[in-house]
Amino acid sequence: MSAPAPHAARPVRANRGTELHCQSWLTEAAYRMLQNNLDPEVAENPDALVVYGGIGKAARNWACFDQILATLRTLKDDETLLIQSGKPVGVFRTHADAPRVLLANSNLVPAWATWEHFHELDRKGLMMYGQMTAGSWIYIGSQGIVQGTYETFVEAAKQHFGGNAQGKWILTAGLGGMGGAQPLAASFAGYSSLNIECQQSRIDFRLRSRYLDEQASDLDDALARMQRYAAEGKAISVGLLGNAAEILPELVRRAQAGGPKPDLVTDQTSAHDLIHGYLPAGWTVGQWQAAQADASQHAALKAAAAQGCAVHVGSDAVSDWPLLNALLNTAGGATWVSLHHGGGVGMGYSQHSGVVIVCDGTDAAAKRIERVLWNDPGTGVMRHADAGYEIAQACAREQGLNLPMLGR
């Protein structure tokens, strides 16, 4: 079998074992994490370099991906690689304690921070959407969201069910890269769950990975299973193929007529992206995918999707905080640091920073870890103390954080 052409789509798997392919383990970590993001067992659409979250990519195109890997292999311990929206744009001399990689993804000047302007730049090959962990090479599959989803479900049980989820069931939608954590998290928390998903391939993936226990044949079968598992106190997750925009109104109708009613309702679909995140009511998956690929149909697609969903977006409008976090983690010696716009909720609504620190057992790493793992959470305490949260202010005093305006 012939080797794939240069810069062509192909299966990607990270190296395993103790053999170095870069100049140090600090760079090797970035080298392997980038490739792991695009492993077919991890990424949602690896051929298109899409990791998760609709169109969240690890690299701008395959040529950029290949050059990033080539550059990482030769990157010296006193050099830093700069990545601009998935494209390697420069290598500069820094020092051994500086980050090996600095990444900026999808950042737009506020007056142009819209999906329309982003898509225009994307079509010209000038930008990519990095989500939060795709473009910073730190996505680890749905396991990365299980913890937070589990904690949310457990807290709901504490607040509403006396701390016991047994016999309760959750209705939700979305089994993609982030939403796929929901059935497993629900089961861990003690609930049974009904998980609606419009693409059979995603249900199949969750069944293979055992994040999802079963698939119902239709809505009647799904509800019968929910009633049975709730009565038996079993925490079993069930998938249902369909469009939540069509199934939820039917469930409301049945509940109002005395039918079964879930104890919790949520969803984890791509609320930031009406083009790739929502299948409009009455559309087939084939129609939807064709419209995604045709820019001339995007306006109609967004209008149709908006009729079947309510997008609730909230954000602190001050983005100085993630900028300060990224700058401080860089100064502290993190292994790679990223700054990205629009992750999770879309263009114009969020600014995030990301940090990775490699722990290789060396004395030098220990010093970097001590700085970064103090500074990174410290900025979170700082931000909330500044906003007036008493618990953050108390934490700052207890831990001895030097916050000049604290108490003034």
# chains A, B, ... in the order shown; residues from 1 in each chain; ligands from 1
>>> select_by_dssp(residues="region 222-395 of chain A", states="alpha helix (DSSP H)", output="JSON, numbers by chain")
{"A": [222, 223, 224, 225, 226, 227, 228, 229, 230, 231, 232, 244, 245, 246, 247, 248, 249, 250, 251, 252, 253, 254, 255, 256, 285, 286, 287, 288, 289, 290, 291, 292, 293, 298, 299, 300, 301, 302, 303, 304, 305, 306, 307, 320, 321, 322, 323, 324, 325, 326, 327, 328, 329, 330, 331, 332, 363, 364, 365, 366, 367, 368, 369, 370, 371, 372, 373, 374, 375, 376, 377, 378, 379, 380, 381, 382, 383, 384, 385, 386, 390, 391, 392, 393, 394, 395]}
>>> residues_around(residues="region 229-241 of chain A", least_positions_apart="6", cutoff="6 Å", atoms="only C-alpha atoms", output="MDAnalysis selection string")
chainID A and resid 166:168 183 187 190:198 212:216
>>> residues_around(residues="Ala245 (chain A)", least_positions_apart="5", cutoff="12 Å", atoms="only C-alpha atoms", output="list in words")
Thr172, Ala173, Gly174, Ile196, Glu197, Cys198, Glu250, Leu251, Val252, Asp267, Thr269, Tyr278, Leu279, Pro280, Ala281, Gly282, Trp283, Ala304, Ala305, Ala306, Gln307, Gly308, Cys309 and Ala310 of chain A
>>> residues_around(residues="Thr284 (chain A)", least_positions_apart="5", cutoff="12 Å", atoms="only C-alpha atoms", output="PyMOL selection string")
chain A and resi 198-199+242-243+246+278-279+289-291
>>> write_last_selection(atoms="all heavy atoms", output="CSV table (one decimal), in the first residue's frame")
chain,number,residue,atom,x,y,z
A,198,CYS,N,-29.3,12.9,17.1
A,198,CYS,CA,-29.8,12.8,15.8
A,198,CYS,C,-28.9,12.0,14.8
A,198,CYS,O,-29.4,11.8,13.7
A,198,CYS,CB,-30.1,14.2,15.2
A,198,CYS,SG,-28.6,15.2,15.0
A,199,GLN,N,-27.7,11.7,15.2
A,199,GLN,CA,-26.8,10.9,14.3
A,199,GLN,C,-26.5,9.5,14.9
A,199,GLN,O,-26.0,9.4,16.0
A,199,GLN,CB,-25.6,11.7,14.1
A,199,GLN,CG,-25.8,13.1,13.4
A,199,GLN,CD,-24.5,13.8,13.1
A,199,GLN,OE1,-23.7,13.4,12.3
A,199,GLN,NE2,-24.3,14.9,13.9
A,242,GLY,N,-33.1,10.5,17.1
A,242,GLY,CA,-34.1,11.5,16.8
A,242,GLY,C,-33.7,12.9,17.0
A,242,GLY,O,-32.5,13.2,17.4
A,243,ASN,N,-34.6,13.8,16.7
A,243,ASN,CA,-34.3,15.3,16.8
A,243,ASN,C,-34.9,15.8,18.1
A,243,ASN,O,-36.2,15.7,18.2
A,243,ASN,CB,-34.8,16.0,15.6
A,243,ASN,CG,-34.4,17.5,15.5
A,243,ASN,OD1,-33.9,18.0,16.5
A,243,ASN,ND2,-34.6,18.1,14.4
A,246,GLU,N,-37.9,18.0,17.9
A,246,GLU,CA,-39.2,17.3,17.6
A,246,GLU,C,-39.7,16.5,18.8
A,246,GLU,O,-40.9,16.4,19.1
A,246,GLU,CB,-39.1,16.5,16.3
A,246,GLU,CG,-38.7,17.3,15.1
A,246,GLU,CD,-38.3,16.4,13.9
A,246,GLU,OE1,-38.2,15.2,14.1
A,246,GLU,OE2,-38.1,17.0,12.8
A,278,TYR,N,-27.2,22.4,15.5
A,278,TYR,CA,-28.7,22.1,15.6
A,278,TYR,C,-29.2,21.6,14.3
A,278,TYR,O,-29.1,22.2,13.2
A,278,TYR,CB,-29.5,23.3,16.0
A,278,TYR,CG,-29.3,23.7,17.5
A,278,TYR,CD1,-28.3,24.5,17.9
A,278,TYR,CD2,-30.1,23.1,18.4
A,278,TYR,CE1,-28.2,24.8,19.3
A,278,TYR,CE2,-30.0,23.4,19.8
A,278,TYR,CZ,-29.0,24.2,20.2
A,278,TYR,OH,-28.9,24.5,21.5
A,279,LEU,N,-29.9,20.5,14.3
A,279,LEU,CA,-30.7,19.9,13.2
A,279,LEU,C,-32.1,20.6,13.3
A,279,LEU,O,-32.8,20.3,14.2
A,279,LEU,CB,-30.8,18.4,13.3
A,279,LEU,CG,-31.7,17.7,12.4
A,279,LEU,CD1,-31.3,17.9,10.9
A,279,LEU,CD2,-31.8,16.2,12.7
A,289,GLN,N,-26.7,18.3,6.6
A,289,GLN,CA,-25.2,18.2,6.2
A,289,GLN,C,-25.0,18.9,4.9
A,289,GLN,O,-23.9,19.5,4.7
A,289,GLN,CB,-24.8,16.8,6.2
A,289,GLN,CG,-24.8,16.1,7.6
A,289,GLN,CD,-24.5,14.7,7.6
A,289,GLN,OE1,-24.7,14.0,6.6
A,289,GLN,NE2,-24.1,14.1,8.7
A,290,ALA,N,-25.9,18.8,3.9
A,290,ALA,CA,-25.7,19.4,2.6
A,290,ALA,C,-25.7,21.0,2.8
A,290,ALA,O,-25.0,21.7,2.2
A,290,ALA,CB,-26.8,19.0,1.7
A,291,ALA,N,-26.6,21.4,3.7
A,291,ALA,CA,-26.7,22.9,3.9
A,291,ALA,C,-25.5,23.4,4.6
A,291,ALA,O,-25.0,24.5,4.4
A,291,ALA,CB,-28.0,23.2,4.7
>>> residues_around(residues="Lys57 (chain A)", least_positions_apart="5", cutoff="9 Å", atoms="only C-alpha atoms", output="ChimeraX atom specification")
/A:46,48-52,86,128-131,134-135
>>> residues_around(residues="His276 (chain A)", least_positions_apart="2", cutoff="9 Å", atoms="only C-alpha atoms", output="ChimeraX atom specification")
/A:53-55,270,273-274,278-279,288-289,292
>>> select_by_dssp(residues="region 140-231 of chain A", states="strand (DSSP E or B)", output="ChimeraX atom specification")
/A:169-173,192-197,214-215
>>> residues_around(residues="Tyr31 (chain A)", least_positions_apart="5", cutoff="10 Å", atoms="only C-alpha atoms", output="ChimeraX atom specification")
/A:14-15,21-22,25-26,36,68-73,137
>>> write_last_selection(atoms="N, CA, C and O atoms", output="PDB file, in the first residue's frame")
ATOM      1  N   ALA A  14      -0.919   9.206  18.077  1.00  0.00           N
ATOM      2  CA  ALA A  14       0.258   9.681  18.804  1.00  0.00           C
ATOM      3  C   ALA A  14       1.192   8.528  19.114  1.00  0.00           C
ATOM      4  O   ALA A  14       0.763   7.385  19.305  1.00  0.00           O
ATOM      5  N   ASN A  15       2.484   8.830  19.149  1.00  0.00           N
ATOM      6  CA  ASN A  15       3.467   7.826  19.553  1.00  0.00           C
ATOM      7  C   ASN A  15       3.267   7.439  21.014  1.00  0.00           C
ATOM      8  O   ASN A  15       2.857   8.244  21.841  1.00  0.00           O
ATOM      9  N   HIS A  21      10.915  11.804  20.097  1.00  0.00           N
ATOM     10  CA  HIS A  21      10.908  12.199  18.696  1.00  0.00           C
ATOM     11  C   HIS A  21      11.222  13.691  18.551  1.00  0.00           C
ATOM     12  O   HIS A  21      11.394  14.188  17.444  1.00  0.00           O
ATOM     13  N   CYS A  22      11.295  14.388  19.700  1.00  0.00           N
ATOM     14  CA  CYS A  22      11.623  15.801  19.748  1.00  0.00           C
ATOM     15  C   CYS A  22      12.882  15.973  20.592  1.00  0.00           C
ATOM     16  O   CYS A  22      13.482  14.996  21.041  1.00  0.00           O
ATOM     17  N   TRP A  25      11.300  16.207  26.475  1.00  0.00           N
ATOM     18  CA  TRP A  25       9.958  15.733  26.807  1.00  0.00           C
ATOM     19  C   TRP A  25       8.951  16.879  26.856  1.00  0.00           C
ATOM     20  O   TRP A  25       7.754  16.653  26.665  1.00  0.00           O
ATOM     21  N   LEU A  26       9.410  18.101  27.106  1.00  0.00           N
ATOM     22  CA  LEU A  26       8.484  19.235  27.095  1.00  0.00           C
ATOM     23  C   LEU A  26       7.869  19.408  25.713  1.00  0.00           C
ATOM     24  O   LEU A  26       6.654  19.600  25.573  1.00  0.00           O
ATOM     25  N   ASN A  36      -2.760  13.162  19.382  1.00  0.00           N
ATOM     26  CA  ASN A  36      -3.815  12.456  20.096  1.00  0.00           C
ATOM     27  C   ASN A  36      -5.168  13.134  19.897  1.00  0.00           C
ATOM     28  O   ASN A  36      -6.205  12.463  19.847  1.00  0.00           O
ATOM     29  N   ILE A  68       3.667  21.938  11.672  1.00  0.00           N
ATOM     30  CA  ILE A  68       3.747  22.029  13.136  1.00  0.00           C
ATOM     31  C   ILE A  68       4.540  20.851  13.693  1.00  0.00           C
ATOM     32  O   ILE A  68       5.436  21.020  14.530  1.00  0.00           O
ATOM     33  N   LEU A  69       4.209  19.643  13.229  1.00  0.00           N
ATOM     34  CA  LEU A  69       4.928  18.464  13.707  1.00  0.00           C
ATOM     35  C   LEU A  69       6.406  18.544  13.355  1.00  0.00           C
ATOM     36  O   LEU A  69       7.276  18.241  14.192  1.00  0.00           O
ATOM     37  N   ALA A  70       6.712  18.953  12.123  1.00  0.00           N
ATOM     38  CA  ALA A  70       8.111  19.051  11.702  1.00  0.00           C
ATOM     39  C   ALA A  70       8.870  20.067  12.553  1.00  0.00           C
ATOM     40  O   ALA A  70      10.030  19.831  12.940  1.00  0.00           O
ATOM     41  N   THR A  71       8.232  21.180  12.867  1.00  0.00           N
ATOM     42  CA  THR A  71       8.877  22.211  13.667  1.00  0.00           C
ATOM     43  C   THR A  71       9.089  21.741  15.105  1.00  0.00           C
ATOM     44  O   THR A  71      10.143  21.990  15.701  1.00  0.00           O
ATOM     45  N   LEU A  72       8.100  21.066  15.670  1.00  0.00           N
ATOM     46  CA  LEU A  72       8.241  20.556  17.033  1.00  0.00           C
ATOM     47  C   LEU A  72       9.388  19.562  17.140  1.00  0.00           C
ATOM     48  O   LEU A  72      10.096  19.524  18.160  1.00  0.00           O
ATOM     49  N   ARG A  73       9.583  18.767  16.094  1.00  0.00           N
ATOM     50  CA  ARG A  73      10.659  17.768  16.158  1.00  0.00           C
ATOM     51  C   ARG A  73      12.041  18.420  16.273  1.00  0.00           C
ATOM     52  O   ARG A  73      12.956  17.813  16.845  1.00  0.00           O
ATOM     53  N   TRP A 137      -4.680  21.797  21.729  1.00  0.00           N
ATOM     54  CA  TRP A 137      -4.119  20.444  21.743  1.00  0.00           C
ATOM     55  C   TRP A 137      -4.246  19.754  23.099  1.00  0.00           C
ATOM     56  O   TRP A 137      -3.422  18.900  23.454  1.00  0.00           O
TER      57      TRP A 137
END
>>> atom_distance(atom1="CA of Gly176 (chain A)", atom2="CA of Gly346 (chain A)")
17.1 Å
>>> atom_distance(atom1="CA of Leu327 (chain A)", atom2="CA of Gly361 (chain A)")
24.9 Å
>>> decode(residues="region 267-282 of chain A", atoms="all heavy atoms", output="short mmCIF file (atom, residue, chain, number, x, y, z; two decimals), in the first residue's frame")
data_model
loop_
_atom_site.label_atom_id
_atom_site.label_comp_id
_atom_site.auth_asym_id
_atom_site.auth_seq_id
_atom_site.Cartn_x
_atom_site.Cartn_y
_atom_site.Cartn_z
N ASP A 267 -29.39 19.70 28.28
CA ASP A 267 -28.87 19.28 26.98
C ASP A 267 -27.42 19.74 26.89
O ASP A 267 -26.99 20.60 27.67
CB ASP A 267 -29.68 19.85 25.81
CG ASP A 267 -29.24 21.25 25.43
OD1 ASP A 267 -29.37 22.15 26.28
OD2 ASP A 267 -28.76 21.43 24.30
N GLN A 268 -26.68 19.13 25.99
CA GLN A 268 -25.31 19.58 25.76
C GLN A 268 -25.02 19.51 24.27
O GLN A 268 -24.28 18.67 23.79
CB GLN A 268 -24.31 18.74 26.55
CG GLN A 268 -22.97 19.45 26.70
CD GLN A 268 -22.18 18.92 27.87
OE1 GLN A 268 -22.59 18.05 28.59
NE2 GLN A 268 -20.99 19.47 28.07
N THR A 269 -25.67 20.42 23.56
CA THR A 269 -25.46 20.54 22.13
C THR A 269 -24.68 21.83 21.87
O THR A 269 -24.47 22.63 22.78
CB THR A 269 -26.80 20.57 21.39
OG1 THR A 269 -27.65 21.53 22.00
CG2 THR A 269 -27.48 19.21 21.46
N SER A 270 -24.25 22.02 20.64
CA SER A 270 -23.38 23.17 20.32
C SER A 270 -24.21 24.44 20.18
O SER A 270 -24.48 24.91 19.08
CB SER A 270 -22.60 22.88 19.03
OG SER A 270 -21.76 21.77 19.20
N ALA A 271 -24.57 25.02 21.33
CA ALA A 271 -25.45 26.19 21.33
C ALA A 271 -24.82 27.40 20.65
O ALA A 271 -25.52 28.32 20.23
CB ALA A 271 -25.82 26.56 22.77
N HIS A 272 -23.50 27.39 20.53
CA HIS A 272 -22.82 28.53 19.93
C HIS A 272 -22.89 28.52 18.41
O HIS A 272 -22.52 29.50 17.78
CB HIS A 272 -21.34 28.50 20.34
CG HIS A 272 -20.63 27.26 19.90
ND1 HIS A 272 -20.67 26.09 20.63
CD2 HIS A 272 -19.90 26.98 18.80
CE1 HIS A 272 -19.98 25.16 20.00
NE2 HIS A 272 -19.51 25.68 18.88
N ASP A 273 -23.36 27.42 17.81
CA ASP A 273 -23.21 27.26 16.36
C ASP A 273 -24.51 26.72 15.77
O ASP A 273 -24.74 25.51 15.77
CB ASP A 273 -22.05 26.30 16.09
CG ASP A 273 -21.67 26.25 14.61
OD1 ASP A 273 -22.44 26.75 13.78
OD2 ASP A 273 -20.60 25.69 14.30
N LEU A 274 -25.36 27.62 15.26
CA LEU A 274 -26.64 27.19 14.70
C LEU A 274 -26.47 26.42 13.39
O LEU A 274 -27.40 25.73 12.96
CB LEU A 274 -27.53 28.41 14.47
CG LEU A 274 -28.09 29.09 15.73
CD1 LEU A 274 -28.88 30.33 15.34
CD2 LEU A 274 -28.95 28.11 16.51
N ILE A 275 -25.33 26.53 12.75
CA ILE A 275 -25.11 25.81 11.50
C ILE A 275 -24.75 24.36 11.75
O ILE A 275 -25.33 23.44 11.16
CB ILE A 275 -24.02 26.51 10.66
CG1 ILE A 275 -24.50 27.90 10.22
CG2 ILE A 275 -23.65 25.66 9.43
CD1 ILE A 275 -23.44 28.72 9.51
N HIS A 276 -23.80 24.13 12.65
CA HIS A 276 -23.32 22.77 12.89
C HIS A 276 -23.88 22.14 14.16
O HIS A 276 -23.73 20.94 14.37
CB HIS A 276 -21.78 22.77 12.96
CG HIS A 276 -21.12 23.25 11.72
ND1 HIS A 276 -20.83 24.59 11.51
CD2 HIS A 276 -20.69 22.58 10.63
CE1 HIS A 276 -20.25 24.71 10.32
NE2 HIS A 276 -20.15 23.53 9.77
N GLY A 277 -24.52 22.94 15.01
CA GLY A 277 -24.93 22.44 16.30
C GLY A 277 -26.37 21.99 16.41
O GLY A 277 -26.72 21.28 17.35
N TYR A 278 -27.24 22.40 15.49
CA TYR A 278 -28.67 22.10 15.60
C TYR A 278 -29.24 21.59 14.28
O TYR A 278 -29.08 22.23 13.24
CB TYR A 278 -29.45 23.35 16.03
CG TYR A 278 -29.31 23.67 17.48
CD1 TYR A 278 -28.31 24.53 17.91
CD2 TYR A 278 -30.14 23.09 18.43
CE1 TYR A 278 -28.16 24.82 19.26
CE2 TYR A 278 -30.01 23.37 19.77
CZ TYR A 278 -29.00 24.23 20.18
OH TYR A 278 -28.86 24.51 21.52
N LEU A 279 -29.91 20.46 14.35
CA LEU A 279 -30.67 19.94 13.22
C LEU A 279 -32.07 20.55 13.28
O LEU A 279 -32.83 20.31 14.23
CB LEU A 279 -30.77 18.41 13.31
CG LEU A 279 -31.73 17.71 12.36
CD1 LEU A 279 -31.30 17.93 10.91
CD2 LEU A 279 -31.82 16.23 12.68
N PRO A 280 -32.46 21.37 12.31
CA PRO A 280 -33.78 22.01 12.36
C PRO A 280 -34.90 20.98 12.34
O PRO A 280 -34.79 19.92 11.70
CB PRO A 280 -33.80 22.87 11.09
CG PRO A 280 -32.35 23.10 10.74
CD PRO A 280 -31.66 21.83 11.15
N ALA A 281 -35.97 21.29 13.03
CA ALA A 281 -37.14 20.42 13.03
C ALA A 281 -37.65 20.23 11.61
O ALA A 281 -37.71 21.19 10.83
CB ALA A 281 -38.24 21.02 13.91
N GLY A 282 -37.96 19.00 11.26
CA GLY A 282 -38.48 18.69 9.94
C GLY A 282 -37.42 18.41 8.89
O GLY A 282 -37.74 18.02 7.77
#
